[in-house]
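The structure appears right after this line, and notes come after that.
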Amino acid sequence: MANMLNGFEGARAATFAADVEQAIVINFWISIVLFISVIGPMVYFAWKYRENNVKDEEISDVTHHTTLEIVWTVIPTALMMVLFWFGYTSMSALRTMPDADTAITVQVEGSKWKWRYEYPANKDGFVHKLGGAYTKPIQDENGKIIEKGTMDKSALYVPANTNIILEMTAPLDDVIHAWFVPAFRMKEDVVPGRITKQWFNAEVGEYEVECAEYCGTDHSYMYSRVVVLPKAEYDAWFESNEDTPKGNYLKSGDAILQQHGCKSCHAIGTDKVLVGPTLNTRVLTKEQVLDVINNGQDKLGYAMGAMPGGNDLEAMGFDMTTAEEVAAYVAGGMKGEQPASFATCSSCHGEDGAGLYGTSPSLVSYDVDLLRNVLKNGKEGMMGKMPAFPYVSEEEISAIAEHLKK
Amino acid sequence: MGHEYVPEIATDRDGNEYEVQGWQGDFYGGKLGFWLFMLTEVMMFGAMFLALTYYFSLHTADFVNASASLNRYLGGFNTVILLVSALTMGLGLLKMRVGDIKGAKLMIWATIILAIVFLGVKAVEWTAEYNHGVFLGLDALQSGNAHSKPFGEILFFGLYFTMTGLHGFHIIIGIGLMLWLLKRINANKVNQGHHILHFNIALYWDLVHLIWVFVFPYFYMIGAGDVTGGAH
Amino acid sequence: MSKTYFDETHCAIGHPKSTFMQWMLTVDHKRIGLMYAAVMFTFFFVAVATALAMRFELFAPGAQFMDGDTFNQAFTLHGVIMIFLFIVPGIPAIFGNIVMPLMIGAKDVSFPRLNWFTFWLYIAGCIIAVSSLWVGEGFADTGWTFYAPYSLNTGTNVIMTLVAAFVLGMASILTGLNFLVTIHRLRAPGMGFFQMPLFVWGIYATAWIQLLATPVVGITLILAILEKYFGIGIFDPSKGGDPVLFEHLFWIYSHPAVYLMILPAFGIMSEIIPTFSRKEIFGYRTIALSSASIAGIGYLVWGHHLFTSGMSDMAKVIFSFLTFFVAIPTGIKFYDWVATMYGGKIVLSTPMLWALGTLITFAIGGLTGVTIAMVGVDIHLQDTYYSVAHFHYAMLGGVAFLLFAGMHYWFPLCFGKMYSEKHAKNAFYLQFIGFNMLWFPMFIAGYLGMPRRYFDYLPEFQIYHQVSFFGAVIFITGLVYMFVTFYKGIKNGEKTTPNPWNATTLEWHLPSAPPPLENHSKVPYVDFRPYEYKHGEPVVKFDYVTMKRID
Amino acid sequence: METTNVDYKAERAGYYKVLVGLLLLTAVTFIQPHMFMTDSNFMVQMFIGTVKAWMILIYYMHLKGEKLIGWSVLFSLLLVVFFYIMVIIDVNHFQFLDLSHITSEVTSSGAANASAAH
Ligand code: HEA
Ligand code: HEA
Ligand code: CUA
Ligand SMILES: [Cu+2]
């Protein structure tokens with residue numbers, strides 16, 4: 001990846017880039033002319049009429065010159081209209097959507113902090129789902145970058161010289177992003193609750209996608225790329241059920257966590273707390289447990305239903321005065337002597353806190369059930385809100401669970 | 001302040017004299033200043049009506065439905081209350097200007113009482129809505145649960161509570177201002193010759209009324225009539 | 001020696017003995033102006049420090065010493081302080097207070113106590129804003145634009161920042177209100193609107209923006225707070241709320257706000273250019289009216305910030321079209337200023353250097369504004385460093401530079417002393433060079449696709465960020481140099497006469513420098529134009545005791 | 001406002017006249033949805049509101065004859081109107097409105113039930 005902004009220099013990457021470029025060039029020259037028309041005389045006057053070059057009696061007292069005033073009103077106005085016109089035409093090129101019948105429509109979803117693409121079904125009814133998170137660059141202790149960031153295989157693959165329509169949105173509980181390809185000179189925001197569209201028609205090459213609307217912690221890493229393939233190569237892949245034209249994704253748990261962007265919020269293998277908890281083993285903190293004891297938890301979607309909190313828990317025989325003690329016990333990984341009132345807990349979570357056959361969550365491990373429920377429903381707790389990931393498949397969940405066990 | 005203030009005189013080259021307007025005792029300046037302040041209120045409510053109109057244009061049917069469920073008679077009653085209170089306020093100012101201090105005070109008290117009645121009615125309305133399960137934070141105005149109302153209705157009620165709430169807040173401030181005015185009158189700081197405070201508070205009260213003139217039909221009346229089922 | 005406003009004052013409450021309390025309670029417009037300057041200058045250095053920290057972080061790709069979240073808070077802090085604490089109140093609060101009443105021959109503003117109250121409201125706003133650094137989850141990380149739904153979702157202390165912005169907005173409204181009434185009511189007899197100095201016109205136009213635009217953002221911030229607390233739904237897409245509406249409401253204020261910043265700055269330019277050209281200003285009326293029309297048209301163009309927001313294409317075209325019409329009155333002003341220099345006698349004192357420097361930097365800032373007003377082009381450039389460079393050229397190279405020009409220009413008036421011209425000029429050159437080095441490369445980086453609000457970036461952009469970093473260092477050195485020069489000037493500068501520049505407007509016709517408590521000893525009668533020169537000498541002369549014309 | 005030469009009776013009569021006018025208009029507000037122009041209910045209501053507001057401004061708030069203040073009020077109202085026009089033009093010309101979630105009629109199955117029960 002020698003040059004990340006591959007294709008920018010050519011300025012012809014997408015069909016309408018030339019229009020925008022032309023508008024920029026026209027603007028550039030008009031700006032230069034206007035700039036000189038002001039700054040030129042200014043510098044000249046400052047030199048010509050400098051203090052010791054002018055006698056007091058020679059100072060002129062003009063305060064009006066109608067012709068000049070008309071000239072410097074009318075000509076700039078005309079020039080401004082020229083600029084407006086080129087701004088307008090280049091926008092029309094960018095914003096007039098091609099006929100949907102002759103184009104490929106890809107669904108784009110931008111969310112914190114990854115881009116996902118969903119294609120129409122192919123002949124076999126198979127739907128390609130691509131994209132994912134960018135792998136951040138790795139730095140050594142001195143801050144030197146030892147490994148560049150990469151999109152790996154996750155990208156938007158499209159055929160060359162074909163109209164592509166992007167139908168874009170963001171999940172409702174997410175924030176605004178923007179899909180920006182500098183080489184194509186195009187961008188449009190991705191707005192939760194709205195559908196926005198853009199289109200392009202590009203030449204073979206690889207082009208960087210950047211998120212251009214501020215969206216929080218990893219806004220600076222919300223890259224993606226567009227890979228424009230020769231048509232035949234694209235078609236061959238599209239009708240297959242290969243993951244990407246560059247081969248299948250790695251199916252290791254770690255790769256899956258990377259691809260879905262789990263790693264931008266969860267550290268794995270270190271104790272660092274990013275946005276959410278680390279996913280080493282499930283060690284709840286005392287505060288987290290206390291929060292659940294006091295307020296319950298009903299977002300996980302277990303078959304047993306919501307976990308009661310506070311008074312409801314007491315009604316089941318839980319002794320609230322021992323809440324601290326129980327919390328400490330759970331946070332300590334269920335070691336040592338079991339507090340008596342843990343009995344209320346074990347009626348649902350099991351003696352060892354490992355949960356009851358998928359109907360209630362485990363307190364000690366990220367088993368498949370917990371993962372499935374968290375990914376399906378998201379999770380809101382005292383640390384914050386984790387969005388749902390409904391598209392993570394069953395195999396992937398198992399692979400993650402397998403990976404987290406290690 | 002400003003009773004003993006003697007305006008300065010400026011003299012031009014021919015010796016003509018001109019009275020200088022000082023900042024002290026500038027009745028028109030006080031009035032202008034207060035009007036400008038009221039323009040900021042207009043812009044503020046204007047922006048909220050803008051949000052309201054935005055969603056009305058998207059969810060017309062939902063808005064009409066939601067409006068139909070408000071209690072139009074209580075709203076209408078409050079409209080009349082505000083109408084009459086604007087009158088008492090105006091008459092109070094008139095009495096002040098002719099020097100009938102006692103009458104003026106009486107009228108201000110009348111206005112205060114009407115304002116309190118207005119708030120009372122508002123409280124009754126909000127309680128009823130709360131009991132119906134329609135209130136900020138209750139399930140009906142949250143999304144994605146069994147009681148959720150359609151978007152248009154959620155937005156309608158969200159803005160309804162916000163805007164009538166803010167209007168009510170203005171009424172409360174108005175009551176405070178009137179009580180303060182009474183105190184100033186008693187201290188003879190406000191009197192026939194120096195009544196800018198009274199004048200401005202009267203203006204304020206008219207503004208509060210003015211806002212209601214639009215709040216009322218926008219929330220209560222757009223769902224009236226035979227278009228839908230009418231009031232509950 | 002006669003007493004000046006440093007020696008005595010009117011107070012809002014009582015007559016305190018201690019000097020400190022006299023300053024705290026003063027209702028004198030000149031003192032209040034100075035206090036604004038002192039406070040702004042303090043906060044300002046916080047924002048400059050954050051800016052420098054950001055430049056350090058951006059020195060190389062990868063995380064240097066900040067992580068993403070810290071950087072996000074840093075630019076929010078920087079933006080919020082620069083905009084709400086410094087540049088929006090900026091020139092009106094400082095020079096609007098200090099010189100505007102002097103220029104129209106008034107004894108004070110219309111509501112001196114309100115002025116005092118406003119100052120403290122401003123302080124309250126500052127305190128709320130800055131203290132949110134330590135309260136709760138830390139300073140907001142939303143950017144100064146507070147876009148929903150991000151501002152509604154994030155865990156940081158957005159509410160306090162919103163409240164602060166609201167309080168500062170109130171202060172801004174009340175300042176504008178006060179100035180409007182002052183300008184309408186307290187002009188000296190004989191002074192019509194077209195005999196007012198152009199700085200007063202700038203303040204007047206600005207005051208209308210403060211008054212009518214600020215409430216819109218005020219209520220928007222309140223709606224955001226209510227949304228966060230009660231979930232009223234207006235900006236929450238899961239309840240049908242539309243995030244784009246927030247952007248509309250925000251920019252309905254915030255675009256006029258940029259003209260609120262620049263118009264009084266243009267006013268300073270219009271004072272300095274004729275004074276140091278020793279010549280009456282060219283096209284007085286067009287300059288005055290173009291201030292008014294910029295303020296007016298400025299209300300109509302907010303949509304140019306939404307060109308890629310998902311707004312309808314129809315609205316994009318309309319807003320793009322309207323935007324070009326702000327450039328025209330601005331252009332007219334520029335030509336008028338340059339024409340004023342024609343045939344004059346140009347004295348390159350420090351204020352004039354700053355003014356001419358600003359003509360260059362703001363022309364760049366403005367013309368690049370015109371670039372991004374072209375809708376098709378802005379689709380490429382929006383939210384890149386190109387727009388960051390544009391607005392730093394406009395706000396720093398336009399407003400802050402002219403504020404500096406004004407600080408040099410009115411320094412002798414405020415303190416009755418003079419700074420060292422030599423050092424002041426050196427500081428100017430350092431800053432001018434540093435500034436251009438700091439921001440010009442960013443136009444190129446932005447054009448090549450460097451998005452803003454990135455704490456880490458692709459290696460291609462490194463060279464631009466590095467040049468920029470060195471520019472920042474030079475610039476800030478010059479800045480510190482300038483303030484040291486000022487400080488020395490205040491401490492042991494030479495004493496000056498009340499009119500060291502041979503200027504014509506009324507604030508220079510005072511019995512003493514610094515001015516006495518109640519300004520002019522008597523209110524003058526105004527039967528002259530503001531910038532009348534004959535052979536390089538002011539035409540109008542006063543007897544400073546009787547304030548009668550003696551020419 | 002000058003305090004000299006107040007014609008108390010005439011001004012008081014004025015207040016009452018305006019009150020009657022406003023009350024009448026309020027009554028019209030109430031009967032209109034049942035009586036006439038029911039298909040443009042909203043417009044009529046807003047029109048009545050505007051007339052009422054105008055009466056309050058002119059008579060109760062003494063705007064009559066106030067040049068400066070009158071123009072200021074007018075100016076700010078025109079601004080607000082411009083904001084409305086542009087924002088409403090925008091949202092109603094948004095090309096993909098029908099596809100967007102924020103305009104979908106029903107929020108959840110629960111809402112469907114709720115409005116069905118209506
Ligand atoms: C002091 C502040 C200030 C000023 C005065 C301006 C002035 C202008 N601005 Fe700027 N602008 C900002 C501050 C300012 N701006 C800020 C803060 C932002 C970004 C906010 C954010 O997103 O965080 C922004 C963003 C911004 C955008 C949106 C960019 C984006 O997000 O994609 C646009 C688009 O149209 C724009 C346009 C203009 C125009 C046309 C002017 C015009 O008024 C310029 C007029 C000036 C001239 C034209 C130059 C001088 C004249 C001549 C040299 C004479 C000859 C020329 C002619 C006759 C044309 N600005
Ligand atoms: C007035 C406005 C102003 C000023 C002066 C500055 C000054 C500077 N700014 Fe910036 N800046 C903003 C307003 C301003 N800024 C805004 C609104 C944003 C957007 C935030 C966001 O994205 O939300 C931004 C964003 C921004 C970024 C982009 C962050 C990003 O998108 O990733 C960067 C990056 O380097 C930056 C750097 C600087 C630097 C190095 C200076 C230096 O030039 C600093 C030195 C400053 C000065 C020299 C000013 C001098 C003025 C005085 C000394 C006045 C003294 C006062 C009195 C006496 C009263 N600023
Ligand atoms: Cu996503 Cu920025
Ligand atoms: Cu703008």
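Order determines the names: the first chain of the structure tokens is A, the second B, and so forth; residues in each chain are numbered 1 upward, and ligands are numbered 1 upward as they are shown.
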
Residues of chain B within 7 Å of chain D, counting only C-alpha atoms - could you list those as a short mmCIF file (atom, residue, chain, number, x, y, z; two decimals) with N, CA, C and O atoms, in the first residue's frame?
```
data_model
loop_
_atom_site.label_atom_id
_atom_site.label_comp_id
_atom_site.auth_asym_id
_atom_site.auth_seq_id
_atom_site.Cartn_x
_atom_site.Cartn_y
_atom_site.Cartn_z
N LEU B 32 -37.84 50.98 23.84
CA LEU B 32 -37.15 50.36 22.70
C LEU B 32 -36.38 49.14 23.17
O LEU B 32 -36.46 48.06 22.57
N LEU B 39 -38.31 40.91 20.87
CA LEU B 39 -38.00 40.30 19.57
C LEU B 39 -37.19 39.02 19.75
O LEU B 39 -37.37 38.07 19.00
N MET B 43 -38.10 35.38 18.23
CA MET B 43 -37.23 34.50 17.46
C MET B 43 -37.15 33.12 18.12
O MET B 43 -37.10 32.09 17.45
N GLY B 46 -40.31 31.47 17.57
CA GLY B 46 -40.34 31.25 16.13
C GLY B 46 -39.59 29.99 15.77
O GLY B 46 -40.07 29.18 14.98
N LEU B 50 -40.98 26.60 14.20
CA LEU B 50 -40.36 26.07 12.99
C LEU B 50 -40.20 24.55 13.11
O LEU B 50 -40.57 23.81 12.19
N TYR B 54 -42.07 21.85 10.82
CA TYR B 54 -41.25 20.85 10.13
C TYR B 54 -41.90 19.47 10.24
O TYR B 54 -42.14 18.78 9.27
N LEU B 58 -44.37 16.72 7.85
CA LEU B 58 -44.03 15.32 7.59
C LEU B 58 -45.12 14.35 8.06
O LEU B 58 -45.30 13.29 7.50
N LEU B 87 -56.65 42.47 29.14
CA LEU B 87 -57.46 43.68 29.35
C LEU B 87 -57.17 44.30 30.70
O LEU B 87 -56.92 45.52 30.80
N GLY B 90 -53.94 46.05 30.67
CA GLY B 90 -54.01 47.31 29.92
C GLY B 90 -54.71 48.39 30.71
O GLY B 90 -54.26 49.54 30.78
N LEU B 91 -55.83 48.02 31.32
CA LEU B 91 -56.56 49.02 32.11
C LEU B 91 -55.72 49.50 33.28
O LEU B 91 -55.74 50.70 33.62
N ARG B 97 -51.46 55.75 34.25
CA ARG B 97 -51.12 56.95 33.48
C ARG B 97 -51.98 58.14 33.89
O ARG B 97 -51.54 59.29 33.73
N VAL B 98 -53.21 57.89 34.36
CA VAL B 98 -54.01 59.03 34.83
C VAL B 98 -53.82 59.24 36.33
O VAL B 98 -54.49 60.08 36.93
N SER B 143 -39.95 5.10 21.96
CA SER B 143 -40.11 4.31 20.75
C SER B 143 -39.93 2.84 21.06
O SER B 143 -39.32 2.47 22.06
N GLY B 144 -40.48 2.02 20.19
CA GLY B 144 -40.20 0.60 20.20
C GLY B 144 -40.75 -0.19 21.36
O GLY B 144 -40.18 -1.21 21.73
N ASN B 145 -41.82 0.22 21.98
CA ASN B 145 -42.46 -0.66 22.95
C ASN B 145 -43.94 -0.81 22.62
O ASN B 145 -44.44 -0.21 21.67
N ALA B 146 -44.64 -1.59 23.42
CA ALA B 146 -46.01 -1.96 23.06
C ALA B 146 -46.96 -0.76 23.06
O ALA B 146 -47.97 -0.77 22.38
N HIS B 147 -46.64 0.28 23.84
CA HIS B 147 -47.55 1.42 23.92
C HIS B 147 -47.14 2.57 23.01
O HIS B 147 -47.79 3.60 22.98
N SER B 148 -46.01 2.41 22.32
CA SER B 148 -45.49 3.52 21.53
C SER B 148 -46.54 4.10 20.59
O SER B 148 -47.25 3.37 19.91
N LYS B 149 -46.59 5.41 20.56
CA LYS B 149 -47.45 6.06 19.58
C LYS B 149 -46.66 6.20 18.29
O LYS B 149 -45.45 6.07 18.27
N PRO B 150 -47.35 6.49 17.18
CA PRO B 150 -46.62 6.74 15.93
C PRO B 150 -45.71 7.96 16.08
O PRO B 150 -45.95 8.82 16.94
N PHE B 151 -44.73 8.04 15.20
CA PHE B 151 -43.75 9.13 15.27
C PHE B 151 -44.39 10.51 15.41
O PHE B 151 -44.03 11.31 16.26
N GLY B 193 -45.61 59.72 36.83
CA GLY B 193 -44.58 60.38 36.03
C GLY B 193 -43.46 59.45 35.61
O GLY B 193 -42.65 59.79 34.76
N LEU B 203 -46.29 45.27 28.43
CA LEU B 203 -45.87 44.76 27.11
C LEU B 203 -45.53 43.28 27.19
O LEU B 203 -45.94 42.48 26.34
N ASP B 206 -48.56 41.19 27.29
CA ASP B 206 -49.18 41.08 25.97
C ASP B 206 -48.43 40.08 25.10
O ASP B 206 -49.03 39.35 24.31
N LEU B 210 -49.72 36.94 23.25
CA LEU B 210 -49.51 36.83 21.81
C LEU B 210 -49.02 35.44 21.43
O LEU B 210 -49.44 34.86 20.44
N VAL B 213 -51.72 33.00 21.48
CA VAL B 213 -52.63 33.13 20.35
C VAL B 213 -52.25 32.15 19.23
O VAL B 213 -53.10 31.69 18.48
N PHE B 214 -50.97 31.82 19.13
CA PHE B 214 -50.58 30.81 18.14
C PHE B 214 -50.45 29.41 18.74
O PHE B 214 -50.75 28.43 18.08
N PRO B 217 -54.24 27.55 18.78
CA PRO B 217 -54.77 26.83 17.61
C PRO B 217 -53.83 25.75 17.09
O PRO B 217 -54.29 24.71 16.65
N ILE B 222 -55.99 22.17 15.46
CA ILE B 222 -55.80 21.56 14.14
C ILE B 222 -56.49 20.21 14.03
O ILE B 222 -56.77 19.74 12.93
N ALA B 224 -59.47 19.71 15.43
CA ALA B 224 -60.88 19.89 15.76
C ALA B 224 -61.77 19.56 14.57
O ALA B 224 -61.29 19.44 13.45
N GLY B 225 -63.04 19.45 14.84
CA GLY B 225 -64.00 19.33 13.75
C GLY B 225 -64.23 17.91 13.33
O GLY B 225 -63.91 16.96 14.03
N ASP B 226 -64.79 17.77 12.11
CA ASP B 226 -65.31 16.49 11.69
C ASP B 226 -64.26 15.65 10.98
O ASP B 226 -64.53 14.53 10.60
#
```

Can you tell me, as a count of residues only, which residues in range 203-342 of chain A count as alpha helix (DSSP H) by DSSP?
41

Please identify all protein, DNA and RNA residues within 6 Å of ligand 1, counting only C-alpha atoms and all ligand atoms, and report them as a ChimeraX atom specification.
/A:34-35,38,76 /C:258-259,261-262,304-305,323-324,326-328,330-331,334,363,366-367,369-370,372-373,378,381-383,387,391,394-395,399

Throw together the list of residues within 6 Å of ligand 2, counting only C-alpha atoms and all ligand atoms, and drop it here as an mmCIF file with N, CA, C and O atoms, in the first residue's frame.
```
data_model
loop_
_atom_site.group_PDB
_atom_site.id
_atom_site.type_symbol
_atom_site.label_atom_id
_atom_site.label_comp_id
_atom_site.auth_asym_id
_atom_site.auth_seq_id
_atom_site.Cartn_x
_atom_site.Cartn_y
_atom_site.Cartn_z
ATOM 1 N N ALA C 37 -11.558 42.458 28.051
ATOM 2 C CA ALA C 37 -10.302 42.146 27.371
ATOM 3 C C ALA C 37 -9.436 41.253 28.252
ATOM 4 O O ALA C 37 -8.888 40.251 27.785
ATOM 5 N N MET C 40 -10.994 37.690 28.444
ATOM 6 C CA MET C 40 -10.895 36.984 27.170
ATOM 7 C C MET C 40 -9.481 36.542 26.916
ATOM 8 O O MET C 40 -9.219 35.439 26.458
ATOM 9 N N PHE C 41 -8.573 37.435 27.224
ATOM 10 C CA PHE C 41 -7.177 37.174 26.982
ATOM 11 C C PHE C 41 -6.740 35.953 27.802
ATOM 12 O O PHE C 41 -6.033 35.073 27.307
ATOM 13 N N VAL C 48 -5.347 28.757 22.972
ATOM 14 C CA VAL C 48 -4.108 28.723 22.188
ATOM 15 C C VAL C 48 -3.271 27.528 22.618
ATOM 16 O O VAL C 48 -2.708 26.812 21.787
ATOM 17 N N ALA C 51 -4.619 24.557 21.101
ATOM 18 C CA ALA C 51 -4.305 24.528 19.673
ATOM 19 C C ALA C 51 -2.885 24.019 19.469
ATOM 20 O O ALA C 51 -2.634 23.177 18.608
ATOM 21 N N LEU C 52 -1.985 24.504 20.283
ATOM 22 C CA LEU C 52 -0.596 24.077 20.149
ATOM 23 C C LEU C 52 -0.473 22.584 20.438
ATOM 24 O O LEU C 52 0.234 21.851 19.740
ATOM 25 N N MET C 54 -2.727 20.389 19.916
ATOM 26 C CA MET C 54 -3.233 19.670 18.749
ATOM 27 C C MET C 54 -2.187 19.629 17.654
ATOM 28 O O MET C 54 -1.993 18.609 16.991
ATOM 29 N N ARG C 55 -1.508 20.751 17.457
ATOM 30 C CA ARG C 55 -0.473 20.782 16.412
ATOM 31 C C ARG C 55 0.641 19.800 16.740
ATOM 32 O O ARG C 55 1.161 19.129 15.861
ATOM 33 N N PHE C 75 -10.177 19.612 20.535
ATOM 34 C CA PHE C 75 -10.649 20.574 19.528
ATOM 35 C C PHE C 75 -12.006 21.148 19.894
ATOM 36 O O PHE C 75 -12.350 22.249 19.482
ATOM 37 N N THR C 76 -12.770 20.391 20.698
ATOM 38 C CA THR C 76 -14.023 20.980 21.157
ATOM 39 C C THR C 76 -13.752 22.143 22.098
ATOM 40 O O THR C 76 -14.331 23.223 21.969
ATOM 41 N N GLY C 79 -12.440 24.992 20.014
ATOM 42 C CA GLY C 79 -13.502 25.639 19.234
ATOM 43 C C GLY C 79 -14.467 26.410 20.117
ATOM 44 O O GLY C 79 -14.823 27.546 19.821
ATOM 45 N N MET C 82 -12.713 29.532 21.575
ATOM 46 C CA MET C 82 -12.440 30.509 20.532
ATOM 47 C C MET C 82 -13.726 31.166 20.040
ATOM 48 O O MET C 82 -13.781 32.362 19.824
ATOM 49 N N ILE C 83 -14.758 30.375 19.849
ATOM 50 C CA ILE C 83 -15.981 30.942 19.294
ATOM 51 C C ILE C 83 -16.801 31.639 20.367
ATOM 52 O O ILE C 83 -17.084 32.828 20.285
ATOM 53 N N ILE C 87 -14.299 35.007 20.273
ATOM 54 C CA ILE C 87 -14.436 35.835 19.088
ATOM 55 C C ILE C 87 -15.843 36.376 18.902
ATOM 56 O O ILE C 87 -16.030 37.433 18.316
ATOM 57 N N GLY C 143 -17.282 18.597 19.273
ATOM 58 C CA GLY C 143 -16.989 19.669 18.333
ATOM 59 C C GLY C 143 -17.850 20.863 18.695
ATOM 60 O O GLY C 143 -18.862 20.697 19.387
ATOM 61 N N TRP C 144 -17.456 22.039 18.235
ATOM 62 C CA TRP C 144 -18.230 23.206 18.696
ATOM 63 C C TRP C 144 -19.606 23.244 18.064
ATOM 64 O O TRP C 144 -20.449 24.038 18.448
ATOM 65 N N THR C 145 -19.856 22.345 17.105
ATOM 66 C CA THR C 145 -21.151 22.367 16.420
ATOM 67 C C THR C 145 -22.217 21.525 17.118
ATOM 68 O O THR C 145 -23.377 21.614 16.744
ATOM 69 N N HIS C 392 -9.982 29.610 9.559
ATOM 70 C CA HIS C 392 -8.915 30.253 10.327
ATOM 71 C C HIS C 392 -8.420 31.508 9.613
ATOM 72 O O HIS C 392 -8.136 32.512 10.253
ATOM 73 N N MET C 395 -11.284 33.960 10.500
ATOM 74 C CA MET C 395 -11.479 34.349 11.898
ATOM 75 C C MET C 395 -10.194 34.843 12.532
ATOM 76 O O MET C 395 -10.194 35.823 13.265
ATOM 77 N N LEU C 396 -9.100 34.142 12.252
ATOM 78 C CA LEU C 396 -7.839 34.557 12.847
ATOM 79 C C LEU C 396 -7.219 35.637 11.972
ATOM 80 O O LEU C 396 -6.889 36.734 12.451
ATOM 81 N N ALA C 400 -9.333 38.231 14.357
ATOM 82 C CA ALA C 400 -8.332 38.406 15.418
ATOM 83 C C ALA C 400 -7.274 39.413 14.987
ATOM 84 O O ALA C 400 -6.867 40.261 15.770
ATOM 85 N N ARG C 452 -11.054 16.875 8.468
ATOM 86 C CA ARG C 452 -10.813 17.556 9.727
ATOM 87 C C ARG C 452 -11.204 16.654 10.896
ATOM 88 O O ARG C 452 -11.833 15.617 10.705
ATOM 89 N N ARG C 453 -10.843 17.059 12.091
ATOM 90 C CA ARG C 453 -11.155 16.340 13.313
ATOM 91 C C ARG C 453 -10.568 14.926 13.322
ATOM 92 O O ARG C 453 -11.119 14.007 13.913
ATOM 93 N N TYR C 454 -9.438 14.757 12.621
ATOM 94 C CA TYR C 454 -8.704 13.494 12.637
ATOM 95 C C TYR C 454 -7.495 13.671 13.536
ATOM 96 O O TYR C 454 -6.704 14.575 13.299
ATOM 97 N N ALA C 472 2.985 27.418 13.318
ATOM 98 C CA ALA C 472 2.311 27.683 14.592
ATOM 99 C C ALA C 472 3.309 28.170 15.632
ATOM 100 O O ALA C 472 3.034 29.104 16.391
ATOM 101 N N ILE C 476 2.987 31.767 17.366
ATOM 102 C CA ILE C 476 2.730 31.941 18.788
ATOM 103 C C ILE C 476 3.873 32.693 19.450
ATOM 104 O O ILE C 476 3.651 33.487 20.368
ATOM 105 N N LEU C 479 3.038 36.133 18.869
ATOM 106 C CA LEU C 479 1.919 36.510 19.728
ATOM 107 C C LEU C 479 2.397 36.890 21.117
ATOM 108 O O LEU C 479 2.009 37.931 21.678
#
```

For chain B, work out the contacting residues on chain A at 12 Å, counting only C-alpha atoms, and write them as number ranges by chain.
A: 172-173, 193

Restrict the selected residues to N, CA and C atoms and save them as a PDB file, in the first residue's frame.
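Heads up, here's the output in result_25.pdb:
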```pdb
ATOM      1  N   LEU A 172     -30.292   3.471  13.887  1.00  0.00           N
ATOM      2  CA  LEU A 172     -31.025   4.556  14.557  1.00  0.00           C
ATOM      3  C   LEU A 172     -30.347   5.050  15.827  1.00  0.00           C
ATOM      4  N   ASP A 173     -29.636   4.144  16.511  1.00  0.00           N
ATOM      5  CA  ASP A 173     -29.015   4.617  17.752  1.00  0.00           C
ATOM      6  C   ASP A 173     -27.570   5.039  17.512  1.00  0.00           C
ATOM      7  N   GLY A 193     -31.827   7.390  10.471  1.00  0.00           N
ATOM      8  CA  GLY A 193     -33.221   7.790  10.262  1.00  0.00           C
ATOM      9  C   GLY A 193     -33.509   8.281   8.863  1.00  0.00           C
TER      10      GLY A 193
END
```

Could you please extract the residues within 10 Å of ligand 3, counting only C-alpha atoms and all ligand atoms, and hand them back as number ranges by chain?
A: 110-115, 170, 174-179, 189-190, 210-223; C: 451-454

Please check the contacts: residues of chain C at most 6 Å away from chain B, using only C-alpha atoms, listed as a list in words.
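Taken together, these residues fit the definition: Ser110, Val181, Leu186, Leu212, Pro215, Val216, Ile219, Phe230, Ile232, Gly233, Lys239, Gly240, Val523, Pro524 and Tyr525 of chain C.
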
Among range 122-319 of chain A, which residues does DSSP mark as strand (DSSP E or B) when it is run on the backbone? Keep the chain and numbering as in the structure and answer as number ranges by chain.
A: 129-132, 135, 138-139, 145-147, 150, 156-159, 164-170, 177-181, 186-190, 192, 196-200, 202, 205-211, 224-229, 244, 247, 297, 307

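Those protein and nucleic acid residues that have any atom within 8 Å of ligand 4 are, using only C-alpha atoms and all ligand atoms, Trp251, Ser254, His255, Pro256, Val258, Val301, Trp302, Gly303, His304 and His305 of chain C.
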